[in-house]
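Structure record follows, encoded as structure tokens.
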Amino acid sequence: MKMLAESFVLMSAVWLLALTDCSAAFEFKHHNNLEMQTAMEEVHRKCPKITHLYTLTELSVQNIPLYVIEFSSRPGRHQILHPEFKYIANMHGNEVLGRELLLKLADYLCDEYLAGNDNIIKLIQSTRIHLLPSMNPDGWQVATDAGGNDYLVGRTNKNNVDLNRNFPDLDRIIFSNERSHIEHNNHLINMVDRLTEPIQPETKAVMRMIMQTPFVLSANLHGGDLVANYPYDESRSGVASEYSQSPDDETFRQLALAYASKHADMSSPSRKGCGYEAYNFGKQGGITNGAAWYSIDGGMQDFNYLSSNDFEITLELGCAKYPPADELEAEWNKNKDALIHFIWQSHIGVKGIVSNQETGAPIANAIIHVKNVTDNRNDEIFHDITSVHDGDYYRLLTPGCYKITAYYKGFYPQTHEQCVEERPYQEATLVNFQLRPLPAVHQEIPSNMDPDYDSDDDNNVRWLYLNPSYSGMHSSY
């Protein structure tokens with residue numbers, strides 16, 4: 001009798017374990033909006049110590065929450081010297097592959113962390129990762145109700161607004177600044193003087209996300225072609241198509257190639273192209289400059305770059321916008337390595353802490369300016385980033401040698417020369433700055449102003465800190 005009872009207990013335990021494993025298994029399918037939330041909650045249930053599930057500040061037009069799942073060694077907070085990364089998918093409601101890939105990515109990160117995968121453990125312990133599977137759940141529902149077969153139905157939100165044309169057009173401002181030789185080249189949100197249409201709730205929610213979290217790198221997942229697209233998305237001249245180079249063109253090309261090269265098909269020169277013209281971007285490595293493809297204004301990609309410290313690219317994940325459910329697992333296998341590899345790119349370049357040399361206090365909103373001096377080059381990169389809340393900064397750079405200067409009003413600038421090497425799956429090179437306060441007498445503007453970035457001459461120091469073109473910088477944290 002005792003043996004029978006013990007056998008029954010053992011069988012019950014095995015049965016319960018099987019049920020638990022079954023409930024935790026990820027299913028490749030088109031998750032509806034409620035199932036999407038449930039799948040994210042399940043990941044958090046399995047991995048509560050490294051995940052945090054939250055919603056953005058605004059609901060969709062039809063009052064659906066915009067759910068984000070975060071992975072971090074200390075979820076729910078920014079950690080010093082841990083870069084912040086994000087993936088956003090399903091911005092266009094009828095482009096659904098990215099939505100399912102991010103749900104599977106969340107499941108994969110959790111399972112691999114629990115299984116002891118060293119690469120995933122290291123990634124999560126050194127990076128704060130945010131996944132927003134659906135920015136446009138209303139559009140997804142419209143597309144799904146229509147059968148998921150139409151190229152346009154469900155693309156917009158419920159107010160019939162294309163969310164990837166709804167962000168403030170900061171390209172217009174940076175191009176105007178370039179023409180007028182105005183040096184203000186980053187964090188341009190305060191210079192917005194007009195909007196072409198009302199900001200939608202989904203757009204507003206993501207704008208607040210960008211402003212509140214000091215993202216370093218991100219990607220926006222779309223469908224309809226197979227290519228990694230990088231800034232600028234808007235042409236300078238206003239023509240429909242022209243190469244529109246950003247100050248960080250070299251870095252953006254490397255970032256786009258980082259994804260395309262790890263994707264099973266994206267960089268293949270022999271694969272078939274998409275659409276009526278069927279052009280194969282694989283012939284150019286699977287990447288394209290956005291405006292060289294076609295120019296848009298009000299896009300999320302360029303808004304990230306010009307409003308914050310965040311470098312964003314756009315990933316077109318395949319010809320089919322709404323692939324059949326039985327193809328989702330194969331698509332995951334094509335994208336898995338690329339998705340992980342791209343997150344690691346938030347660690348390229350340099351990072352560090354800017355502090356007060358005398359007190360040790362961190363300095364937020366310090367300006368980080370970079371000059372490329374590789375192989376006797378002397379090229380200013382006219383896109384500055386800023387230190388964030390705890391004085392930490394992150395500057396994505398390609399391999400090479402650079403002069404990196406930290407500025408803050410009331411302090412002498414400090415320049416370090418640092419060579420950056422290619423270090424796959426390693427954290428960025430550490431370059432700290434300890435700024436020395438200026439004496440009070442140096443707060444007056446001199447008559448012989450010479451804006452030389454590399455000089456430590458007192459007159460140049462005073463000019464740099466009191467020049468109006470360097471005022472109004474704000475951290476994105």
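Here, A, B, ... name the chains of the structure tokens in the order displayed, residue numbers run from 1 inside each chain, and ligands are numbered from 1 in the same displayed order.
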Skipping near chain neighbours, those fewer than 2 positions away, what residues fall within 9 Å of range 209-214 of chain A using only C-alpha atoms, listed as number ranges by chain?
-> A: 56-57, 78, 83-85, 204-207, 216, 304, 307-310, 388-389, 475-477
Contacts of range 367-378 of chain A at 6 Å or less, counting only C-alpha atoms, minus same-chain residues fewer than 3 places along, as a ChimeraX atom specification?
-> /A:381,384-386,400-407
Can I get the residues of range 52-141 of chain A within 10 Å of range 158-174 of chain A, each with the closest pair of atoms and their distance in Å to one decimal, using only C-alpha atoms, sorted chain first then ascending number, as a tab-separated table?
residue	atom	partner	partner_atom	distance
A:Ser60	CA	A:Lys158	CA	8.4
A:Val61	CA	A:Lys158	CA	6.1
A:Gln62	CA	A:Lys158	CA	7.2
A:Met91	CA	A:Leu163	CA	6.6
A:His92	CA	A:Leu163	CA	7.2
A:Gly93	CA	A:Asp162	CA	9.6
A:Met135	CA	A:Leu163	CA	8.9
A:Asn136	CA	A:Leu163	CA	8.3
A:Pro137	CA	A:Lys158	CA	9.3
A:Asp138	CA	A:Lys158	CA	6.0
A:Gly139	CA	A:Lys158	CA	6.4
A:Trp140	CA	A:Lys158	CA	10.0
A:Gln141	CA	A:Lys158	CA	9.7
When DSSP works through the backbone of this structure, what residues of range 75-276 of chain A end up as strand (DSSP E), shown as a PyMOL selection string?
-> chain A and resi 84-89+128-132+215-222+225-230
Atomic distance CA of Thr429 in chain A - CA of His347 in chain A, expressed in Å with one decimal = 8.5 Å
Run DSSP on the backbone and give me the residues of range 46-276 of chain A it puts in alpha helix (DSSP H), as a PyMOL selection string.
-> chain A and resi 46+97-115+118-126+137-145+170-179+201-212+249-260
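Between CA of Lys104 in chain A and CA of Asn157 in chain A the separation is 24.2 Å.
Distance-wise, CA of Ser72 in chain A and CA of Leu339 in chain A end up 16.7 Å apart.
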Residues within 8 Å of Lys262 in chain A, only C-alpha atoms, excluding chain neighbours under 2 positions, as number ranges by chain = A: 258-260, 264, 335, 337-338, 341
Option closest in space to Gly318 in chain A, from A:Glu250, A:Glu95, A:Asp302, A:Asp392 [counting only C-alpha atoms] | A:Glu95
Using only C-alpha atoms, which residue out of A:Ile189, A:Met266, A:Ile363, A:Ile353 lies closest to Pro437 in chain A?
-> A:Ile363
